[in-house]
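Q: Below is a structure I'd like to ask you about.
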Amino acid sequence: MATGGQHTGLKQLLAKLPNDKPTLVWLADIELFCGLYCHVVEGFLASVKAMPQCIAAMTTRYSDRVATSLRSLADDHINLVASGNKTERMRLCRWFLRGEIDDGSIIEDAAMRTQGKSAAETFAVLADTVNRHKGGMEVEKDNAQLGVVRWEDIGGLDDIIDELKESIVWPILRRDQFRKLGIRPPRGVLLYGPPGTGKTMLAKAAATEVLANFIPIAIPDLIKGEVGESEKALAAVFETAKRGPSIVFLDEIEAIFGSRDQAGEVGKKLISQLFLEMDNIPDDAHLVVLAATNAPHLMDESILRPGRLDKKIHVPRPGYASRRDILGRTTKHLDIDNREELIATLAELEMSGAEIKALVRAACYSAIQRGSKVLTESDFDSAVEATHFQNEFS
Ligand SMILES: Nc1ncnc2c1ncn2[C@@H]1O[C@H](COP(=O)(O)OP(=O)(O)OP(=O)(O)O)[C@@H](O)[C@H]1O
Ligand SMILES: [Mg+2]
């Protein structure tokens, strides 16, 4: 629905509604029309309601911003919460997986992993569940498209993966053992290191491997909100997270601190809210906060205090052996001429994981341009040139 020329637009729409067919009229983001144009939309809705073959539905993410006059035009109000309770999710998972998987424990796992997730994320998890049980090459491709990351996709960070398993995965999966031994796992973990070294990827892999809610929060998006709104959103996230085993992932967390001057109030209030939420996590909650930053110097010491992000893990730029490993893993689905030798040479280049990914992608483009399915040294030569790595590779 466009916000310009509402009168004419809606009148034209009314005239176009068929008389002879059942019709659903859907008004999305209705709160946007609750200022100046409220009466126009009200008039339109009243006309639609008067047409027996039509039914109108309105959607909003901010029910408190919808004018009472508009609300009262709706006969029903449905509050859609993120993927409902466990029984509802089990029902949804069973329906989605029908004909593919009927093993109750797998369906239950899927239901657990979809807690607190949006519909889109839920379907990604379920599609991944189906893929995991299909096996084979096709699965690899599907996973890449879905953005599903596994430990084995990550190169050169074995020690870090082990540390993450100990501090995030075990406390969730082996909670009883921890409790028996009286060990208090870290409440928060900070991954820090240069850009493109795999921090976000590590968080996604932890989420895939652990059967818990993964609740990612992009801090830059959160601080764009208005004062009051961002804290509400953060409080809601922690409320959901406390209900089950969860990893709350705060990516680019430096944005809160870095933004203190520009975003002013929002950033400051968000920090207090975050501290409050972290300090109030009950001891028996299955909740770990994972944060990532490539600008640790911008962060305030107070967030690193015990009980907050009290474990710090450095994710460094990869050395030769790690680059070789990353190259091997990022090209495993590709046909490459003289693979081993070529990878050994390419690994000489000083590249981050993200730069390696860009290089491989550029080499694929070069092969596509040649009309070949097999990548050769010349494709990587052009890729190196295209991606401007200064090196003696030739
Ligand atoms: N260790 C790695 N193994 C395999 N691929 C990697 C690795 N590191 C980075 N990549 C590739 O680079 C992409 C970007 O990495 P990622 O987003 O995880 O970096 P980051 O450390 O979070 O960077 P930033 O600090 O800029 O957020 C990944 O999606 C992946 O394709
Ligand atoms: Mg990142």
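Residues are named by chain letter and number: chains run A, B, ... in the order of the structure tokens, numbers start at 1 in each chain, and ligands are numbered from 1 in the order shown.
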Dump the neighbourhood of ligand 2 as a count of residues only: all residues within 10 Å, distances computed on only C-alpha atoms and all ligand atoms.

A: 22

Q: Could you pull out the alpha helix (DSSP H) residues of region 193-357 of chain A from DSSP and send them as an MDAnalysis selection string?

A: chainID A and resid 199:209 219:222 229:242 254:258 265:279 320:330 339:346 353:357

Q: Residues near His286 (chain A), anyone? I mean within 10 Å using only C-alpha atoms, not counting same-chain ones fewer than 3 positions away, as a PDB file with C-alpha atoms, in the first residue's frame.

A:
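Dumped everything to part.pdb:
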```
ATOM      1  CA  PRO A 171      27.078 -26.181  29.403  1.00  0.00           C
ATOM      2  CA  ILE A 172      23.864 -26.514  27.402  1.00  0.00           C
ATOM      3  CA  LEU A 173      24.081 -30.165  26.416  1.00  0.00           C
ATOM      4  CA  ARG A 175      24.108 -29.268  32.098  1.00  0.00           C
ATOM      5  CA  ARG A 187      27.495 -16.703  31.213  1.00  0.00           C
ATOM      6  CA  ALA A 212      19.168 -24.802  21.447  1.00  0.00           C
ATOM      7  CA  ALA A 241      15.732 -16.934  25.675  1.00  0.00           C
ATOM      8  CA  LYS A 242      15.155 -17.733  29.339  1.00  0.00           C
ATOM      9  CA  ARG A 243      12.364 -20.157  28.426  1.00  0.00           C
ATOM     10  CA  GLY A 244      14.671 -22.825  26.993  1.00  0.00           C
ATOM     11  CA  PRO A 245      18.250 -23.684  26.182  1.00  0.00           C
ATOM     12  CA  SER A 246      19.388 -20.638  24.208  1.00  0.00           C
ATOM     13  CA  ILE A 247      22.324 -18.838  22.730  1.00  0.00           C
ATOM     14  CA  ILE A 281      19.830 -14.419  34.231  1.00  0.00           C
ATOM     15  CA  PRO A 282      18.854 -17.025  36.851  1.00  0.00           C
ATOM     16  CA  ASP A 283      21.607 -19.465  37.815  1.00  0.00           C
TER      17      ASP A 283
END
```

Q: Any idea what's packed within 6 Å of region 18-32 of chain A, counting only C-alpha atoms, ignoring anything in its chain fewer than 5 positions away? Could you give it as a PyMOL selection string?

A: chain A and resi 53-60+65-66

Q: Pull all heavy atoms from the residues just selected and write them as a tab-separated table (two decimals), in the first residue's frame.

A:
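As a result, part.tsv now contains:
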```
chain	number	residue	atom	x	y	z
A	53	GLN	N	-18.57	-10.45	0.00
A	53	GLN	CA	-17.61	-11.43	-0.54
A	53	GLN	C	-16.18	-11.14	-0.08
A	53	GLN	O	-15.26	-11.88	-0.38
A	53	GLN	CB	-17.69	-11.49	-2.08
A	53	GLN	CG	-16.93	-10.40	-2.83
A	53	GLN	CD	-17.62	-9.03	-2.78
A	53	GLN	OE1	-18.58	-8.80	-2.04
A	53	GLN	NE2	-17.12	-8.09	-3.55
A	54	CYS	N	-16.01	-10.00	0.64
A	54	CYS	CA	-14.65	-9.59	1.00
A	54	CYS	C	-14.37	-9.76	2.49
A	54	CYS	O	-15.25	-9.57	3.32
A	54	CYS	CB	-14.42	-8.13	0.68
A	54	CYS	SG	-14.25	-7.83	-1.06
A	55	ILE	N	-13.11	-10.07	2.78
A	55	ILE	CA	-12.69	-10.07	4.18
A	55	ILE	C	-11.38	-9.27	4.21
A	55	ILE	O	-10.57	-9.35	3.29
A	55	ILE	CB	-12.54	-11.50	4.73
A	55	ILE	CG1	-12.13	-11.47	6.19
A	55	ILE	CG2	-11.54	-12.33	3.96
A	55	ILE	CD1	-12.36	-12.78	6.90
A	56	ALA	N	-11.24	-8.46	5.25
A	56	ALA	CA	-10.02	-7.64	5.33
A	56	ALA	C	-9.16	-8.11	6.48
A	56	ALA	O	-9.66	-8.51	7.53
A	56	ALA	CB	-10.40	-6.17	5.52
A	57	ALA	N	-7.84	-8.08	6.27
A	57	ALA	CA	-6.91	-8.40	7.36
A	57	ALA	C	-5.87	-7.30	7.43
A	57	ALA	O	-5.46	-6.75	6.40
A	57	ALA	CB	-6.25	-9.75	7.10
A	58	MET	N	-5.48	-6.94	8.64
A	58	MET	CA	-4.44	-5.93	8.80
A	58	MET	C	-3.30	-6.57	9.59
A	58	MET	O	-3.56	-7.38	10.48
A	58	MET	CB	-4.94	-4.74	9.62
A	58	MET	CG	-6.14	-4.06	9.05
A	58	MET	SD	-6.64	-2.67	10.11
A	58	MET	CE	-7.86	-3.43	11.15
A	59	THR	N	-2.08	-6.20	9.25
A	59	THR	CA	-0.96	-6.70	10.06
A	59	THR	C	-0.11	-5.55	10.55
A	59	THR	O	-0.02	-4.50	9.90
A	59	THR	CB	-0.07	-7.68	9.27
A	59	THR	OG1	0.43	-7.00	8.13
A	59	THR	CG2	-0.80	-8.92	8.86
A	60	THR	N	0.50	-5.75	11.70
A	60	THR	CA	1.40	-4.74	12.24
A	60	THR	C	2.42	-5.40	13.16
A	60	THR	O	2.14	-6.45	13.75
A	60	THR	CB	0.65	-3.66	13.04
A	60	THR	OG1	1.60	-2.71	13.53
A	60	THR	CG2	-0.10	-4.24	14.23
A	65	ARG	N	0.85	1.07	18.29
A	65	ARG	CA	0.82	2.30	17.48
A	65	ARG	C	-0.42	2.37	16.58
A	65	ARG	O	-0.57	3.30	15.80
A	65	ARG	CB	2.06	2.36	16.58
A	65	ARG	CG	3.32	2.59	17.35
A	65	ARG	CD	4.38	2.96	16.35
A	65	ARG	NE	5.69	2.66	16.85
A	65	ARG	CZ	6.75	2.44	16.09
A	65	ARG	NH1	6.63	2.47	14.79
A	65	ARG	NH2	7.91	2.19	16.63
A	66	VAL	N	-1.25	1.33	16.64
A	66	VAL	CA	-2.43	1.32	15.78
A	66	VAL	C	-3.56	2.08	16.48
A	66	VAL	O	-3.88	1.80	17.64
A	66	VAL	CB	-2.87	-0.13	15.45
A	66	VAL	CG1	-4.11	-0.13	14.58
A	66	VAL	CG2	-1.74	-0.87	14.75
```

Q: Which residue gives the smallest distance to Phe238 (chain A) among A:Pro186, A:Gly104, A:Gly9, A:Pro216, with only C-alpha atoms counted?

A: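 When distances to Phe238 (chain A) are compared using only C-alpha atoms, the smallest one comes from A:Pro216.
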
Q: Write out as a PyMOL selection string each polymer residue whose atoms come within 10 Å of Asn85 (chain A), counting only C-alpha atoms; drop sequence neighbours fewer than 5 positions from it.

A: chain A and resi 90+111-112+115-116+243

Q: Point out the residue among A:Ala205, A:Leu342, A:Ile217, A:Ile271 with the least atom-to-atom distance to Glu231 (chain A), counting only C-alpha atoms.

A: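 Between A:Ala205, A:Leu342, A:Ile217, A:Ile271, the residue approaching Glu231 (chain A) most closely is A:Ile271.
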
Q: Which residues come within 9 Å of region 296-302 of chain A, counting only C-alpha atoms, excluding same-chain residues fewer than 6 positions away, as a PyMOL selection string?

A: chain A and resi 192-193+253-258+275+308

Q: Can you write out the residues you just picked, keeping C-alpha atoms, as a compact mmCIF listing (two decimals), in the first residue's frame?

A:
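result_13.txt written:
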```txt
# COMPACT_ATOMS: atom_id res chain seq x y z
CA TYR A 192 37.13 -10.79 19.13
CA GLY A 193 39.52 -10.43 16.22
CA ILE A 253 28.59 -5.47 19.78
CA GLU A 254 31.03 -2.56 19.55
CA ALA A 255 28.24 -0.64 17.82
CA ILE A 256 26.60 0.02 21.20
CA PHE A 257 29.74 1.56 22.62
CA GLY A 258 30.98 3.15 19.40
CA PHE A 275 23.72 -5.39 31.83
CA ARG A 308 28.84 -10.74 31.83
```

Q: Find, counting only C-alpha atoms and all ligand atoms, the residue in A:Pro306, A:Gly228, A:Gly156, A:Gly43 that gets nearest to ligand 1.

A: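 Using only C-alpha atoms and all ligand atoms, the shortest distance to ligand 1 belongs to A:Gly156.
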
Q: Report, in Å to a single decimal, how far apart CA of Arg150 (chain A) and CA of Asp102 (chain A) are.

A: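 Value for the CA of Asp102 (chain A)-CA of Arg150 (chain A) distance: 24.1 Å.
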
Q: Write out as a CSV table (one decimal) with all heavy atoms, in the first residue's frame the residues lying within 9 Å of region 378-380 of chain A, counting only C-alpha atoms and excluding same-chain residues fewer than 2 positions away.

A:
```
chain,number,residue,atom,x,y,z
A,342,LEU,N,48.0,-26.4,-6.2
A,342,LEU,CA,47.4,-25.0,-6.4
A,342,LEU,C,47.0,-24.4,-5.0
A,342,LEU,O,47.3,-23.3,-4.7
A,342,LEU,CB,46.2,-25.1,-7.3
A,342,LEU,CG,45.6,-23.7,-7.7
A,342,LEU,CD1,46.7,-22.9,-8.4
A,342,LEU,CD2,44.5,-24.0,-8.7
A,346,LEU,N,48.4,-21.1,-3.3
A,346,LEU,CA,47.5,-20.0,-2.9
A,346,LEU,C,47.6,-19.6,-1.4
A,346,LEU,O,47.4,-18.5,-1.1
A,346,LEU,CB,46.0,-20.4,-3.3
A,346,LEU,CG,45.7,-20.4,-4.7
A,346,LEU,CD1,44.3,-21.1,-4.9
A,346,LEU,CD2,45.6,-19.0,-5.3
A,359,LEU,N,38.1,-14.7,-3.1
A,359,LEU,CA,39.0,-15.2,-4.2
A,359,LEU,C,38.4,-16.4,-4.9
A,359,LEU,O,38.4,-16.5,-6.1
A,359,LEU,CB,40.4,-15.6,-3.5
A,359,LEU,CG,41.4,-16.2,-4.5
A,359,LEU,CD1,42.2,-15.0,-5.2
A,359,LEU,CD2,42.4,-17.1,-3.8
A,360,VAL,N,37.9,-17.4,-4.1
A,360,VAL,CA,37.3,-18.6,-4.7
A,360,VAL,C,36.1,-18.2,-5.6
A,360,VAL,O,36.0,-18.7,-6.7
A,360,VAL,CB,36.9,-19.6,-3.6
A,360,VAL,CG1,36.2,-20.8,-4.2
A,360,VAL,CG2,38.2,-20.1,-2.8
A,362,ALA,N,35.7,-15.4,-7.1
A,362,ALA,CA,36.1,-14.7,-8.3
A,362,ALA,C,36.7,-15.8,-9.3
A,362,ALA,O,36.5,-15.7,-10.5
A,362,ALA,CB,37.2,-13.7,-8.0
A,363,ALA,N,37.3,-16.8,-8.8
A,363,ALA,CA,37.9,-17.9,-9.7
A,363,ALA,C,36.7,-18.6,-10.3
A,363,ALA,O,36.8,-19.0,-11.5
A,363,ALA,CB,38.7,-18.8,-8.9
A,364,CYS,N,35.6,-18.8,-9.6
A,364,CYS,CA,34.5,-19.5,-10.2
A,364,CYS,C,33.9,-18.7,-11.3
A,364,CYS,O,33.5,-19.2,-12.4
A,364,CYS,CB,33.4,-19.7,-9.1
A,364,CYS,SG,33.8,-21.0,-7.9
A,365,TYR,N,33.8,-17.4,-11.1
A,365,TYR,CA,33.3,-16.5,-12.2
A,365,TYR,C,34.2,-16.6,-13.4
A,365,TYR,O,33.7,-16.7,-14.6
A,365,TYR,CB,33.3,-15.0,-11.7
A,365,TYR,CG,32.0,-14.7,-11.0
A,365,TYR,CD1,32.0,-14.5,-9.6
A,365,TYR,CD2,30.8,-14.6,-11.7
A,365,TYR,CE1,30.8,-14.2,-9.0
A,365,TYR,CE2,29.6,-14.4,-11.1
A,365,TYR,CZ,29.6,-14.2,-9.7
A,365,TYR,OH,28.4,-13.9,-9.1
A,366,SER,N,35.5,-16.7,-13.2
A,366,SER,CA,36.4,-16.8,-14.3
A,366,SER,C,36.2,-18.1,-15.1
A,366,SER,O,36.1,-18.1,-16.3
A,366,SER,CB,37.9,-16.7,-13.8
A,366,SER,OG,38.8,-17.2,-14.7
A,367,ALA,N,36.0,-19.2,-14.3
A,367,ALA,CA,35.7,-20.5,-15.0
A,367,ALA,C,34.4,-20.4,-15.8
A,367,ALA,O,34.3,-20.9,-16.9
A,367,ALA,CB,35.7,-21.6,-14.0
A,375,LEU,N,38.0,-25.7,-12.5
A,375,LEU,CA,38.8,-24.5,-12.2
A,375,LEU,C,40.3,-24.8,-12.4
A,375,LEU,O,40.7,-25.8,-12.0
A,375,LEU,CB,38.6,-24.0,-10.8
A,375,LEU,CG,37.4,-23.1,-10.5
A,375,LEU,CD1,36.1,-24.0,-10.4
A,375,LEU,CD2,37.5,-22.3,-9.2
A,376,THR,N,41.0,-23.8,-13.0
A,376,THR,CA,42.4,-24.0,-13.3
A,376,THR,C,43.2,-22.9,-12.6
A,376,THR,O,42.6,-21.9,-12.1
A,376,THR,CB,42.7,-24.0,-14.8
A,376,THR,OG1,42.3,-22.7,-15.3
A,376,THR,CG2,41.9,-25.0,-15.5
A,382,SER,N,43.5,-14.9,-12.5
A,382,SER,CA,42.6,-13.8,-12.7
A,382,SER,C,41.9,-13.3,-11.5
A,382,SER,O,41.6,-12.1,-11.2
A,382,SER,CB,41.5,-14.1,-13.8
A,382,SER,OG,41.8,-15.2,-14.5
A,383,ALA,N,41.6,-14.3,-10.6
A,383,ALA,CA,40.9,-14.0,-9.4
A,383,ALA,C,41.8,-13.2,-8.5
A,383,ALA,O,41.3,-12.2,-7.9
A,383,ALA,CB,40.5,-15.3,-8.6
A,384,VAL,N,43.0,-13.5,-8.4
A,384,VAL,CA,44.0,-12.8,-7.6
A,384,VAL,C,44.0,-11.3,-8.1
A,384,VAL,O,44.0,-10.4,-7.3
A,384,VAL,CB,45.4,-13.4,-7.6
A,384,VAL,CG1,46.4,-12.5,-6.9
A,384,VAL,CG2,45.4,-14.7,-6.9
A,385,GLU,N,44.1,-11.2,-9.4
A,385,GLU,CA,44.2,-9.9,-10.0
A,385,GLU,C,42.9,-9.1,-9.7
A,385,GLU,O,42.9,-7.9,-9.2
A,385,GLU,CB,44.3,-10.0,-11.5
A,385,GLU,CG,45.3,-9.0,-12.1
A,385,GLU,CD,45.5,-9.5,-13.5
A,385,GLU,OE1,46.5,-10.3,-13.7
A,385,GLU,OE2,44.8,-9.0,-14.4
```

Q: Check the smallest atom-to-atom distance from each of A:Phe249, A:Phe214, A:Phe44, A:Phe33 to ligand 1 using only C-alpha atoms and all ligand atoms, then report the winner.

A: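 Using only C-alpha atoms and all ligand atoms, ligand 1 sits closest to A:Phe249.
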
Q: Kindly give the distance, in Å, that separates CA of Val248 (chain A) and CA of Leu234 (chain A), rounded to a single decimal.

A: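 Between these atoms lies a distance of 10.4 Å.
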
Q: Can you measure CA of Ile215 (chain A) to CA of Ala285 (chain A) for me? One decimal in Å is fine.

A: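 According to the coordinates, CA of Ile215 (chain A) and CA of Ala285 (chain A) are separated by 15.1 Å.
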